[in-house]
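*Asks:* Got a file for you: my_file_10.txt, compact mmCIF, C-alpha atoms and all ligand atoms.
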# COMPACT_ATOMS: atom_id res chain seq x y z
CA MET A 36 0.00 0.00 0.00
CA ARG A 37 1.27 3.45 -0.89
CA MET A 38 1.39 5.50 2.28
CA GLN A 39 0.54 8.61 0.25
CA LEU A 40 -2.82 7.01 -0.57
CA ALA A 41 -3.49 5.67 2.95
CA THR A 42 -5.33 7.35 5.82
CA TRP A 43 -3.72 7.62 9.24
CA PRO A 44 -6.06 5.01 10.74
CA GLU A 45 -4.99 2.65 7.94
CA VAL A 46 -1.34 3.25 8.82
CA GLU A 47 -2.12 2.67 12.49
CA ASP A 48 -3.84 -0.63 11.64
CA TYR A 49 -0.95 -1.68 9.40
CA LEU A 50 1.47 -1.18 12.29
CA LYS A 51 -0.44 -3.75 14.36
CA GLU A 52 0.54 -6.33 11.72
CA SER A 53 3.98 -5.19 10.53
CA THR A 54 6.76 -2.79 11.45
CA GLY A 55 8.32 -2.96 7.97
CA ILE A 56 8.26 -0.25 5.34
CA ILE A 57 9.71 0.12 1.84
CA LEU A 58 11.34 3.47 0.97
CA PRO A 59 12.05 4.13 -2.72
CA ILE A 60 15.03 6.38 -3.32
CA GLY A 61 16.30 7.66 -6.65
CA SER A 62 17.79 10.74 -8.21
CA THR A 63 16.93 13.60 -10.54
CA GLU A 64 19.74 13.71 -13.08
CA GLN A 65 20.52 13.50 -16.76
CA HIS A 66 20.45 10.03 -18.32
CA GLY A 67 22.00 10.69 -21.69
CA PRO A 68 20.24 11.65 -24.95
CA ASN A 69 17.38 9.15 -24.74
CA GLY A 70 16.85 8.61 -21.00
CA PHE A 71 14.56 10.49 -18.63
CA ILE A 72 15.92 12.90 -16.02
CA GLY A 73 13.81 10.98 -13.51
CA THR A 74 15.07 7.52 -14.47
CA ASP A 75 16.51 6.54 -11.09
CA ALA A 76 13.52 7.75 -9.09
CA LEU A 77 10.94 6.35 -11.52
CA THR A 78 12.56 2.91 -11.63
CA SER A 79 12.96 2.57 -7.86
CA GLU A 80 9.37 3.74 -7.38
CA MET A 81 7.87 1.36 -9.97
CA ILE A 82 9.70 -1.58 -8.42
CA SER A 83 8.85 -0.51 -4.87
CA PHE A 84 5.12 -0.25 -5.62
CA GLU A 85 5.08 -3.73 -7.14
CA VAL A 86 7.17 -5.31 -4.35
CA GLY A 87 4.90 -3.57 -1.83
CA ASP A 88 1.80 -5.06 -3.50
CA ARG A 89 3.34 -8.51 -3.60
CA VAL A 90 4.37 -8.62 0.07
CA GLY A 91 1.61 -6.40 1.49
CA ALA A 92 4.07 -3.75 2.66
CA MET A 93 3.57 -0.05 3.20
CA VAL A 94 5.58 2.06 0.72
CA ALA A 95 6.80 5.49 1.88
CA PRO A 96 6.97 8.57 -0.36
CA THR A 97 9.84 8.38 -2.85
CA ILE A 98 13.00 10.36 -2.21
CA ASN A 99 13.19 11.82 -5.72
CA VAL A 100 16.35 13.93 -5.42
CA GLY A 101 19.56 12.21 -4.39
CA MET A 102 23.30 12.82 -4.34
CA ALA A 103 24.14 13.64 -7.96
CA GLN A 104 26.64 16.52 -7.85
CA HIS A 105 28.60 15.05 -10.77
CA HIS A 106 25.61 15.41 -13.11
CA LEU A 107 25.11 19.14 -12.55
CA GLY A 108 26.80 20.02 -15.84
CA PHE A 109 23.58 18.94 -17.59
CA PRO A 110 20.31 20.91 -17.43
CA GLY A 111 17.62 19.38 -15.23
CA SER A 112 20.00 17.61 -12.92
CA MET A 113 19.56 18.35 -9.21
CA THR A 114 21.50 17.26 -6.16
CA LEU A 115 21.32 17.23 -2.42
CA LEU A 116 24.66 17.69 -0.69
CA PRO A 117 25.69 14.45 0.99
CA SER A 118 25.10 16.12 4.36
CA THR A 119 21.59 17.17 3.28
CA LEU A 120 20.68 13.70 2.06
CA ILE A 121 21.96 12.19 5.31
CA ALA A 122 19.64 14.56 7.18
CA VAL A 123 16.67 13.76 4.90
CA VAL A 124 17.09 9.99 5.28
CA ARG A 125 17.68 10.21 9.04
CA ASP A 126 14.68 12.50 9.62
CA MET A 127 12.36 10.31 7.52
CA ILE A 128 13.43 7.19 9.43
CA ASN A 129 13.04 8.91 12.79
CA SER A 130 9.60 10.25 11.85
CA LEU A 131 8.40 6.79 10.90
CA ALA A 132 10.08 5.20 13.94
CA ARG A 133 8.05 7.47 16.19
CA HIS A 134 4.92 5.66 14.98
CA GLY A 135 6.38 2.21 15.45
CA PHE A 136 8.12 1.37 12.18
CA GLU A 137 11.31 -0.57 12.91
CA ARG A 138 12.45 -2.19 9.66
CA PHE A 139 13.42 0.21 6.88
CA TYR A 140 13.92 -1.33 3.45
CA PHE A 141 15.26 1.16 0.91
CA ILE A 142 15.00 0.28 -2.78
CA ASN A 143 17.61 2.41 -4.53
CA GLY A 144 17.99 3.29 -8.21
CA HIS A 145 21.17 5.41 -8.11
CA GLY A 146 24.75 4.36 -7.39
CA GLY A 147 25.66 7.89 -6.27
CA ASN A 148 23.35 7.52 -3.25
CA VAL A 149 25.02 4.44 -1.80
CA ASN A 150 27.77 5.96 0.35
CA THR A 151 25.56 8.74 1.64
CA VAL A 152 22.59 6.53 2.53
CA ASN A 153 24.86 4.10 4.37
CA ALA A 154 26.27 7.08 6.29
CA ALA A 155 22.69 8.05 7.19
CA PHE A 156 22.06 4.55 8.55
CA SER A 157 25.16 4.94 10.73
CA GLU A 158 23.76 8.22 12.07
CA VAL A 159 20.51 6.48 12.99
CA TYR A 160 22.30 3.60 14.69
CA ALA A 161 24.58 6.02 16.53
CA GLU A 162 21.54 7.61 18.17
CA SER A 163 20.83 4.25 19.78
CA SER A 164 24.43 3.31 20.43
CA LEU A 165 25.22 6.65 22.06
CA ARG A 166 21.88 6.58 23.90
CA THR A 167 20.86 9.93 22.42
CA ALA A 168 17.57 8.40 21.19
CA ALA A 169 14.76 7.81 23.69
CA SER A 170 15.74 4.78 25.74
CA ASN A 171 12.43 3.06 25.06
CA ARG A 172 12.89 3.21 21.28
CA PRO A 173 13.14 -0.28 19.82
CA ALA A 174 16.23 -1.19 17.84
CA LEU A 175 15.85 0.01 14.25
CA ARG A 176 17.23 -1.85 11.25
CA CYS A 177 17.89 -0.30 7.86
CA VAL A 178 19.00 -1.87 4.60
CA MET A 179 19.38 -0.61 1.07
CA ARG A 180 18.99 -2.77 -2.01
CA ASN A 181 20.13 -1.51 -5.41
CA TRP A 182 17.59 -3.03 -7.81
CA TYR A 183 20.12 -2.93 -10.69
CA MET A 184 22.49 -5.21 -8.74
CA GLY A 185 19.95 -8.03 -8.37
CA GLY A 186 20.91 -11.47 -9.67
CA LYS A 187 17.94 -11.98 -11.99
CA VAL A 188 18.28 -8.43 -13.35
CA GLY A 189 21.98 -9.06 -14.01
CA GLU A 190 21.22 -12.19 -16.02
CA ILE A 191 18.94 -10.28 -18.39
CA SER A 192 21.31 -7.30 -18.66
CA ARG A 193 24.27 -9.50 -19.54
CA GLU A 194 22.30 -11.62 -21.99
CA GLU A 195 20.62 -8.70 -23.77
CA PHE A 196 23.26 -5.99 -23.62
CA GLY A 197 26.64 -7.48 -22.69
CA GLU A 198 29.35 -4.84 -22.84
CA ASP A 199 26.80 -2.24 -23.96
CA GLU A 200 25.33 -2.16 -20.44
CA GLY A 201 27.99 0.33 -19.27
CA SER A 202 27.58 2.13 -15.97
CA HIS A 203 25.46 5.23 -16.49
CA ALA A 204 22.34 5.71 -18.63
CA THR A 205 22.38 1.95 -19.04
CA PRO A 206 20.09 0.23 -21.54
CA SER A 207 18.61 -1.75 -18.62
CA GLU A 208 17.41 1.26 -16.65
CA VAL A 209 16.31 3.10 -19.80
CA ALA A 210 14.38 0.01 -20.95
CA LEU A 211 12.63 -0.19 -17.59
CA THR A 212 11.38 3.38 -17.94
CA TYR A 213 10.23 2.77 -21.53
CA PHE A 214 8.12 -0.07 -20.16
CA GLY A 215 6.73 2.09 -17.37
CA PHE A 216 6.14 5.23 -19.43
CA PRO A 217 5.60 4.08 -23.02
CA GLU A 218 4.32 7.33 -24.52
CA ASP A 219 7.21 9.43 -23.30
CA GLY A 220 9.54 6.55 -24.06
CA ALA A 221 8.41 6.53 -27.68
CA ARG A 222 9.25 10.23 -27.90
CA VAL A 223 12.72 10.19 -26.37
CA SER A 224 13.80 6.89 -27.93
CA GLN A 225 14.02 8.68 -31.29
CA ALA A 226 17.09 10.64 -30.17
CA PRO A 227 20.31 9.78 -32.05
CA ILE A 228 22.99 7.92 -30.04
CA ASP A 229 26.50 8.68 -31.26
CA PRO A 230 28.83 6.90 -30.77
CA PRO A 231 26.72 3.79 -30.11
CA ARG A 232 28.75 2.88 -27.03
CA ALA A 233 29.91 5.74 -24.82
CA PRO A 234 33.44 6.00 -23.36
CA LYS A 235 34.28 4.66 -19.90
CA GLY A 236 36.19 6.49 -17.22
CA VAL A 237 36.45 7.98 -13.77
CA ILE A 238 34.03 10.57 -12.35
CA TYR A 239 35.06 13.71 -10.46
CA ASP A 240 33.06 16.94 -10.43
CA ALA A 241 30.37 18.20 -12.78
CA ASP A 242 32.58 20.19 -15.19
CA ASP A 243 35.01 17.32 -15.52
CA TYR A 244 32.15 14.90 -16.11
CA ARG A 245 30.66 16.93 -18.93
CA ARG A 246 34.07 17.34 -20.56
CA ASN A 247 34.79 13.60 -20.55
CA PHE A 248 31.28 12.28 -21.14
CA PRO A 249 29.77 14.94 -23.41
CA ASP A 250 26.34 13.37 -23.91
CA GLY A 251 26.08 12.15 -20.31
CA ARG A 252 26.45 8.40 -20.80
CA ILE A 253 29.28 6.29 -19.36
CA GLY A 254 30.18 3.08 -21.18
CA SER A 255 26.61 2.35 -22.26
CA ASN A 256 24.53 2.02 -25.40
CA PRO A 257 20.97 2.81 -24.33
CA GLY A 258 19.97 2.83 -28.01
CA ARG A 259 19.35 -0.89 -27.46
CA ALA A 260 16.69 -0.30 -24.79
CA THR A 261 13.17 -1.50 -25.58
CA ALA A 262 9.96 -1.58 -23.57
CA GLU A 263 9.79 -5.36 -24.05
CA ILE A 264 13.16 -5.92 -22.40
CA GLY A 265 12.16 -3.34 -19.79
CA GLU A 266 9.14 -5.43 -18.80
CA ARG A 267 11.36 -8.47 -18.26
CA ILE A 268 13.81 -6.44 -16.20
CA PHE A 269 10.92 -5.07 -14.13
CA LYS A 270 9.65 -8.54 -13.31
CA ALA A 271 13.18 -9.77 -12.56
CA ALA A 272 13.85 -6.84 -10.21
CA VAL A 273 10.66 -7.58 -8.29
CA GLU A 274 11.57 -11.28 -8.07
CA ASP A 275 15.02 -10.34 -6.78
CA LEU A 276 13.51 -8.38 -3.88
CA VAL A 277 10.27 -10.03 -2.72
CA ASP A 278 11.72 -12.84 -0.60
CA ASP A 279 14.57 -10.63 0.54
CA TYR A 280 12.06 -8.12 1.96
CA ARG A 281 10.16 -10.85 3.79
CA ASP A 282 13.39 -12.25 5.25
CA PHE A 283 14.46 -8.80 6.40
CA VAL A 284 11.18 -8.00 8.12
CA ASP A 285 10.60 -11.44 9.64
CA LYS A 286 14.08 -12.09 10.99
CA ALA A 287 14.26 -11.77 14.76
NI NI B 1 20.49 5.86 -13.38
Kindly present the structure from the file in structure tokens form.

*Replies:*
Amino acid sequence: MRMQLATWPEVEDYLKESTGIILPIGSTEQHGPNGFIGTDALTSEMISFEVGDRVGAMVAPTINVGMAQHHLGFPGSMTLLPSTLIAVVRDMINSLARHGFERFYFINGHGGNVNTVNAAFSEVYAESSLRTAASNRPALRCVMRNWYMGGKVGEISREEFGEDEGSHATPSEVALTYFGFPEDGARVSQAPIDPPRAPKGVIYDADDYRRNFPDGRIGSNPGRATAEIGERIFKAAVEDLVDDYRDFVDKA
């Protein structure tokens, strides 16, 4: 159930049955010539809603803006400073913990969030470990799963795209959005992709990024993305996460 579409009595009733919650987190950043700015947030949200339906879990509002400073050379990209994102994640967890949520399962769509979100988890744990949280607060547990790292997703990506998968604006994530948003996908998929496979390399700041990766992609050929492959990746991502969520919430 999407918490945005629930009433407070429904949330209160849910908490009598489960203390688990799914939190989609993405980013708002360029995804090359034929990928949506919202790719990372849209993909994590689509997958989170479906996993939530399958396991009967509450799904929190999506964190749509992440840590994406290196993409700021491209219009439309937005970032939170790492310190801001730590505060956002920590404050969301603490707000939900006040009501009785204890197991926080983040479904992430953006590699640039990983270090910062893990740092936020450490901040939350430190409140308990240093006894700065209320002493009657139950122990909280937080995990983050990157949907694009799932085993079943990886099988499809390797089989369909091989070396063309690359590391940013990948055909897998672009395909997933074409499946989720077919009308807009049909529009942006017309954009020329040149060269077919983008260069690889190291990322520093935004100016350096734009200089070395002029159309925004890194190592990928998202010209191979199709809605049909996107549907398979969507189903695989959900399969990768359903049992893992149940294990996380049920484990003592
Ligand atoms: Ni992405």

*Asks:* For Thr54 (chain A), which residue among A:Ala233, A:Ile253, A:Ala204, A:Cys177 is the nearest when counting all atoms listed in the file?

*Replies:* A:Cys177

*Asks:* One decimal, in Å: what's the spacing between CA of Glu218 (chain A) and CA of Arg245 (chain A)?

*Replies:*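 Answer for the CA of Glu218 (chain A) to CA of Arg245 (chain A) separation: 28.6 Å.
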
*Asks:* Separation of CA of Ser255 (chain A) and CA of Lys270 (chain A), in Å?

*Replies:* 22.1 Å

*Asks:* Within 12 Å of ligand NI 1 (chain B), which residues show up when you count all atoms listed in the file? List them as a ChimeraX atom specification, please.

*Replies:* /A:60-67,70-79,101-103,106,112,143-148,181-183,200-212,251-253,255,257

*Asks:* Determine, counting only C-alpha atoms, which protein, DNA and RNA residues have an atom within 10 Å of an atom of region 134-136 of chain A; residues of the same chain fewer than 2 positions away are not included. Present the result as a list of chain:residue names.

*Replies:* A:Val46, A:Glu47, A:Tyr49, A:Leu50, A:Lys51, A:Ser53, A:Thr54, A:Gly55, A:Ile56, A:Ile128, A:Asn129, A:Ser130, A:Leu131, A:Ala132, A:Arg138, A:Phe139, A:Arg172, A:Pro173, A:Leu175, A:Arg176

*Asks:* Pull the closest atom pair for each residue of region 156-224 of chain A that gets at most 10 Å from region 118-121 of chain A, along with the distance in Å to one decimal, counting only C-alpha atoms, ordering rows by chain and then ascending residue number, as a Markdown table.

*Replies:*
| residue | atom | partner | partner_atom | distance |
| --- | --- | --- | --- | --- |
| A:Phe156 | CA | A:Ile121 | CA | 8.3 |
| A:Ser157 | CA | A:Ile121 | CA | 9.6 |
| A:Glu158 | CA | A:Ile121 | CA | 8.0 |
| A:Val159 | CA | A:Ile121 | CA | 9.7 |

*Asks:* With distances taken over all atoms listed in the file, which residue among A:Phe141, A:Ala154, A:Glu274, A:Met81 lies nearest Val188 (chain A)?

*Replies:*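 Nearest candidate to Val188 (chain A) out of A:Phe141, A:Ala154, A:Glu274, A:Met81: A:Glu274.
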